[in-house]
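What follows is one structure encoded as structure tokens, with my remarks underneath.
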Amino acid sequence: MIDKEFWKGKKVFITGHTGFKGSWLCLWLHHLGAEITGYSLPAPTNPSLFGLCEIDKLTNTIIGDIREREKLRLSLKQSNPDIVFHMAAQPLVRPSYENPIETYETNVMGTAYLFEAIRLANLKNKKIKAIVNVTSDKCYENKEWHWGYREHEQLGGYDPYSNSKACSELITACYRNSFFNPKTYETHGVAIASGRAGNVIGGGDWAKDRLIPDSIQCLLEGETIKIRNPESIRPWQHVLEPLSGYLLLAQKLYKEGVQYAEGWNFGPDSESEQTVEWVVSRLCKKWGSGAYFEMVHNNGPHEAHYLKLDCSKAKTELGWKPKWDLDYALDKVIEWSLAYKTGRDVRGVCLTQIIEYEDEEANETSAGY
């Protein structure tokens, strides 16, 4: 489980901290007592979770592009972190068709620039000990299998976004082999791993072309939800699920080193792998009066139909497992969205959900699960 004492006073550098997942990670790390430096472009949406929760007041925020190699290097050097989370990305499939070069520059070269900055920083003080590169479940060569992909499966990716995340995985492996090799860990002291998560949902996501954010926006405005691919199946999970995996993985890397310097899947149990239609239907039922959806013709670019993750490795070797099923995760999304609609303190709602998640984890541990 997540060790609260471990994180107190730890210096953490996060790229992409103004995004949806990055903002939730900042809130959790601040709650745990970490000292956070974030390097990112301005928040990608307005409104944003970053802005509503005033995360700039909880972190040392540096506004910069991951492609600005020298600015990134100096920012990392000056922050002098113990642990690095790499989350900066162009994170969407459909925009990657519109801007493939920008997607590759950000997701591929941005990863290389960060790892090179870490390599140069550690030549002098060897302080950075753990790095978690957050990629995607879409990094695998999707064969539309009815079983989950495991960490050793072939990388690939049909579209520019998915393919760029596979490339980011290859860069991770390259730097691990070439500069931070597990066999010479005593010399360099750096452990690098990647985290591959499913489709995350949660309060405060306004990204376009994502099912839950688009649906919540329609519900808030009293509009009918339109869905393009009703039969597509995804590994849906609340954002706290993979974040708990990243935090646990970083702890393991820091304390135990290269034993955990590999790729890791963090996805839901099989009952939370549902179709788009099931998710939207359930969301509307939970929302209540005035919630409707309809099918529309999909004339957009190719997107995978079936995608599942096998998380046996994380469950067995890290002791990680999902806590909230999809039905409960949707409850948490609605809880947050209604708080936002009525003008409540959404940072407080986030913190309440984080504490609830921690308490459930602690109760399971004490019960011997």
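Each chain in the structure tokens gets a letter, A, B, ..., in the order shown, and its residues are numbered from 1; ligands are numbered from 1 in order too.
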Quick one: residues within 6 Å of segment 89-95 of chain A, only C-alpha atoms counted, chain neighbours fewer than 5 positions away excluded, as a PyMOL selection string?
-> chain A and resi 103+106-107+161
Based on the selection just made, write C-alpha atoms of those residues as a PDB file, in the first residue's frame.
ATOM      1  CA  THR A 103       2.049  14.405 -31.285  1.00  0.00           C
ATOM      2  CA  THR A 106       5.671  15.900 -27.668  1.00  0.00           C
ATOM      3  CA  ASN A 107       5.254  12.234 -26.847  1.00  0.00           C
ATOM      4  CA  TYR A 161      -1.107   8.830 -30.552  1.00  0.00           C
TER       5      TYR A 161
END
Between A:Ile62, A:Leu155, A:Ile216, A:Ala191, which one has atoms that come closest to Lys126 of chain A, using only C-alpha atoms?
-> A:Ala191
Name the closest residue to Phe85 of chain A among the candidates A:Ile128, A:Leu283, A:Leu220, A:Ile212; distances are taken between atoms, counting only C-alpha atoms.
-> A:Ile128
Give me the residues of segment 148-245 of chain A that have any atom at most 9 Å from an atom of segment 262-276 of chain A; for each, the nearest atom pair and the distance in Å, rounded to one decimal. Use only C-alpha atoms, sort by chain and number, and format it as JSON lines.
{"residue": "A:Tyr149", "atom": "CA", "partner": "A:Asn265", "partner_atom": "CA", "distance": 8.6}
{"residue": "A:Arg150", "atom": "CA", "partner": "A:Asn265", "partner_atom": "CA", "distance": 7.4}
{"residue": "A:Glu151", "atom": "CA", "partner": "A:Gly263", "partner_atom": "CA", "distance": 6.1}
{"residue": "A:His152", "atom": "CA", "partner": "A:Gly263", "partner_atom": "CA", "distance": 8.3}
{"residue": "A:Glu169", "atom": "CA", "partner": "A:Gly263", "partner_atom": "CA", "distance": 8.2}
{"residue": "A:Ala173", "atom": "CA", "partner": "A:Glu262", "partner_atom": "CA", "distance": 8.2}
{"residue": "A:Ala191", "atom": "CA", "partner": "A:Glu262", "partner_atom": "CA", "distance": 8.9}
{"residue": "A:Ile192", "atom": "CA", "partner": "A:Glu262", "partner_atom": "CA", "distance": 7.1}
{"residue": "A:Ala193", "atom": "CA", "partner": "A:Glu262", "partner_atom": "CA", "distance": 4.7}
{"residue": "A:Ser194", "atom": "CA", "partner": "A:Gly263", "partner_atom": "CA", "distance": 4.7}
{"residue": "A:Gly195", "atom": "CA", "partner": "A:Trp264", "partner_atom": "CA", "distance": 5.0}
{"residue": "A:Arg196", "atom": "CA", "partner": "A:Asn265", "partner_atom": "CA", "distance": 4.8}
{"residue": "A:Ala197", "atom": "CA", "partner": "A:Phe266", "partner_atom": "CA", "distance": 4.8}
{"residue": "A:Gly198", "atom": "CA", "partner": "A:Gly267", "partner_atom": "CA", "distance": 5.2}
{"residue": "A:Asn199", "atom": "CA", "partner": "A:Gly267", "partner_atom": "CA", "distance": 8.3}
{"residue": "A:Leu211", "atom": "CA", "partner": "A:Val276", "partner_atom": "CA", "distance": 7.8}
{"residue": "A:Ile227", "atom": "CA", "partner": "A:Val276", "partner_atom": "CA", "distance": 7.7}
{"residue": "A:Arg228", "atom": "CA", "partner": "A:Val276", "partner_atom": "CA", "distance": 8.8}
{"residue": "A:Asn229", "atom": "CA", "partner": "A:Val276", "partner_atom": "CA", "distance": 6.7}
{"residue": "A:Pro230", "atom": "CA", "partner": "A:Val276", "partner_atom": "CA", "distance": 4.8}
{"residue": "A:Glu231", "atom": "CA", "partner": "A:Thr275", "partner_atom": "CA", "distance": 5.2}
{"residue": "A:Ser232", "atom": "CA", "partner": "A:Thr275", "partner_atom": "CA", "distance": 5.2}
{"residue": "A:Ile233", "atom": "CA", "partner": "A:Thr275", "partner_atom": "CA", "distance": 4.3}
{"residue": "A:Arg234", "atom": "CA", "partner": "A:Glu273", "partner_atom": "CA", "distance": 5.5}
{"residue": "A:Pro235", "atom": "CA", "partner": "A:Glu273", "partner_atom": "CA", "distance": 4.6}
{"residue": "A:Trp236", "atom": "CA", "partner": "A:Ser272", "partner_atom": "CA", "distance": 6.0}
{"residue": "A:Gln237", "atom": "CA", "partner": "A:Pro268", "partner_atom": "CA", "distance": 5.8}
{"residue": "A:His238", "atom": "CA", "partner": "A:Pro268", "partner_atom": "CA", "distance": 8.9}
{"residue": "A:Glu241", "atom": "CA", "partner": "A:Phe266", "partner_atom": "CA", "distance": 7.5}
{"residue": "A:Pro242", "atom": "CA", "partner": "A:Phe266", "partner_atom": "CA", "distance": 5.5}
{"residue": "A:Leu243", "atom": "CA", "partner": "A:Phe266", "partner_atom": "CA", "distance": 8.9}
{"residue": "A:Gly245", "atom": "CA", "partner": "A:Phe266", "partner_atom": "CA", "distance": 6.5}
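Here the question is which of A:Gly203, A:Pro160, A:Pro42, A:Gly16 gets nearest to Ile101 of chain A using only C-alpha atoms, and that residue is A:Pro160.
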DSSP on the backbone, then: every residue of segment 294-363 of chain A marked strand (DSSP E or B), written as a PyMOL selection string.
-> chain A and resi 294-295+306+309
Filtering to N, CA and C atoms, could you give me those residues as a PDB file, in the first residue's frame?
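This went into again21.pdb:
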ATOM      1  N   GLU A 294     -28.122   9.301 -27.604  1.00  0.00           N
ATOM      2  CA  GLU A 294     -28.498   8.755 -28.891  1.00  0.00           C
ATOM      3  C   GLU A 294     -27.258   8.347 -29.668  1.00  0.00           C
ATOM      4  N   MET A 295     -27.425   7.399 -30.592  1.00  0.00           N
ATOM      5  CA  MET A 295     -26.329   6.968 -31.452  1.00  0.00           C
ATOM      6  C   MET A 295     -26.224   7.930 -32.637  1.00  0.00           C
ATOM      7  N   TYR A 306     -11.813  -3.076 -29.343  1.00  0.00           N
ATOM      8  CA  TYR A 306     -11.733  -3.913 -28.145  1.00  0.00           C
ATOM      9  C   TYR A 306     -10.341  -3.796 -27.546  1.00  0.00           C
ATOM     10  N   LEU A 309      -6.629  -4.973 -20.502  1.00  0.00           N
ATOM     11  CA  LEU A 309      -5.320  -5.128 -19.897  1.00  0.00           C
ATOM     12  C   LEU A 309      -5.309  -6.296 -18.919  1.00  0.00           C
TER      13      LEU A 309
END
Running DSSP on the backbone, which parts of segment 68-273 of chain A land in helix (DSSP H, G or I), as a PyMOL selection string?
-> chain A and resi 69-79+93-98+100-124+137-139+160-178+182-188+211-221+240-260+270-272
Near Arg282 of chain A, counting only C-alpha atoms, which residues have an atom at most 12 Å away, once you skip same-chain residues fewer than 5 positions from it, shown as a ChimeraX atom specification?
-> /A:212,215,274-277,287-288,291-293,326-331,334
Non-local contacts of Leu74 of chain A (10 Å; only C-alpha atoms; under 6 positions in same chain excluded) as a PyMOL selection string | chain A and resi 80+117+121
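In this structure, atom CA of Arg176 of chain A sits 21.4 Å away from atom CA of Ser162 of chain A.
In this comparison, which uses only C-alpha atoms, the residue of A:Leu307, A:Ile14, A:Leu247, A:His86 approaching Gly157 of chain A most closely is A:Leu307.
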For Asn99 of chain A, which residue among A:Arg73, A:Asp159, A:Thr111, A:Ser281 is the nearest when counting only C-alpha atoms?
-> A:Asp159
Residues within 9 Å of Cys167 of chain A, only C-alpha atoms, excluding chain neighbours under 2 positions, as number ranges by chain | A: 104, 107-108, 139, 155-156, 162-165, 169-172
For the residues in the current selection, export C-alpha atoms as a short mmCIF file (atom, residue, chain, number, x, y, z; two decimals), in the first residue's frame.
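Contents of again.cif, as written:
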data_model
loop_
_atom_site.label_atom_id
_atom_site.label_comp_id
_atom_site.auth_asym_id
_atom_site.auth_seq_id
_atom_site.Cartn_x
_atom_site.Cartn_y
_atom_site.Cartn_z
CA TYR A 104 5.36 12.69 -32.05
CA ASN A 107 5.25 12.23 -26.85
CA VAL A 108 8.48 10.87 -28.30
CA CYS A 139 0.91 1.31 -26.65
CA LEU A 155 4.20 -2.78 -28.89
CA GLY A 156 2.68 -0.97 -31.83
CA SER A 162 -1.00 5.11 -29.79
CA ASN A 163 2.15 4.64 -31.85
CA SER A 164 3.87 7.59 -30.15
CA LYS A 165 3.22 5.96 -26.76
CA GLU A 169 8.07 2.87 -24.18
CA LEU A 170 10.99 2.04 -26.48
CA ILE A 171 12.86 5.16 -25.37
CA THR A 172 12.28 4.15 -21.77
#
Measure the distance from atom CA of Thr61 of chain A to atom CA of Tyr39 of chain A in Å and round it to one decimal.
-> 6.2 Å
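Among the candidates A:Lys308, A:Gly22, A:Tyr260, A:Asp65, the one nearest to Lys138 of chain A when counting only C-alpha atoms is A:Lys308.
All residues of protein, DNA or RNA that reach within 12 Å of Lys252 of chain A, judged by only C-alpha atoms and not counting those fewer than 4 positions away in the chain, are Met1, Ile2, Asp3, Phe6, Ile83, Lys129, Ala130, Ile131, Val132, Ala191, Ile192, Ala193, Gly245, Tyr246, Leu247, Leu248, Glu256, Gly257, Val258, Gln259, Tyr260, Ala261, Glu262, Ala314, Glu317, Leu318, Gly319 and Trp320 of chain A.
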Once you have the residues from the selection above, write them out as a PDB file, in the first residue's frame, restricted to C-alpha atoms.
ATOM      1  CA  MET A   1       0.000   0.000   0.000  1.00  0.00           C
ATOM      2  CA  ILE A   2       1.007   3.662  -0.282  1.00  0.00           C
ATOM      3  CA  ASP A   3       3.365   4.595   2.551  1.00  0.00           C
ATOM      4  CA  PHE A   6       7.653   7.722   2.724  1.00  0.00           C
ATOM      5  CA  ILE A  83      11.421  11.163  -7.894  1.00  0.00           C
ATOM      6  CA  LYS A 129      16.399   7.561  -7.831  1.00  0.00           C
ATOM      7  CA  ALA A 130      12.978   6.733  -9.286  1.00  0.00           C
ATOM      8  CA  ILE A 131      11.336   7.619 -12.603  1.00  0.00           C
ATOM      9  CA  VAL A 132       7.841   6.602 -13.707  1.00  0.00           C
ATOM     10  CA  ALA A 191      15.428   2.863 -11.562  1.00  0.00           C
ATOM     11  CA  ILE A 192      13.093   3.608 -14.499  1.00  0.00           C
ATOM     12  CA  ALA A 193       9.664   2.058 -15.062  1.00  0.00           C
ATOM     13  CA  GLY A 245      -0.285   2.288  -8.970  1.00  0.00           C
ATOM     14  CA  TYR A 246       2.174   4.990 -10.033  1.00  0.00           C
ATOM     15  CA  LEU A 247       2.742   6.058  -6.429  1.00  0.00           C
ATOM     16  CA  LEU A 248       3.258   2.493  -5.255  1.00  0.00           C
ATOM     17  CA  GLU A 256      14.115  -1.466  -3.685  1.00  0.00           C
ATOM     18  CA  GLY A 257      15.575  -0.377  -7.006  1.00  0.00           C
ATOM     19  CA  VAL A 258      15.820  -2.207 -10.262  1.00  0.00           C
ATOM     20  CA  GLN A 259      13.687  -5.184  -9.288  1.00  0.00           C
ATOM     21  CA  TYR A 260      10.714  -3.070 -10.395  1.00  0.00           C
ATOM     22  CA  ALA A 261      12.354  -1.240 -13.324  1.00  0.00           C
ATOM     23  CA  GLU A 262       9.977  -2.587 -15.985  1.00  0.00           C
ATOM     24  CA  ALA A 314       1.014  -5.585 -10.718  1.00  0.00           C
ATOM     25  CA  GLU A 317       4.490  -8.379  -7.594  1.00  0.00           C
ATOM     26  CA  LEU A 318       3.478  -4.883  -6.435  1.00  0.00           C
ATOM     27  CA  GLY A 319       0.528  -5.857  -4.261  1.00  0.00           C
ATOM     28  CA  TRP A 320      -1.625  -3.375  -6.199  1.00  0.00           C
TER      29      TRP A 320
END
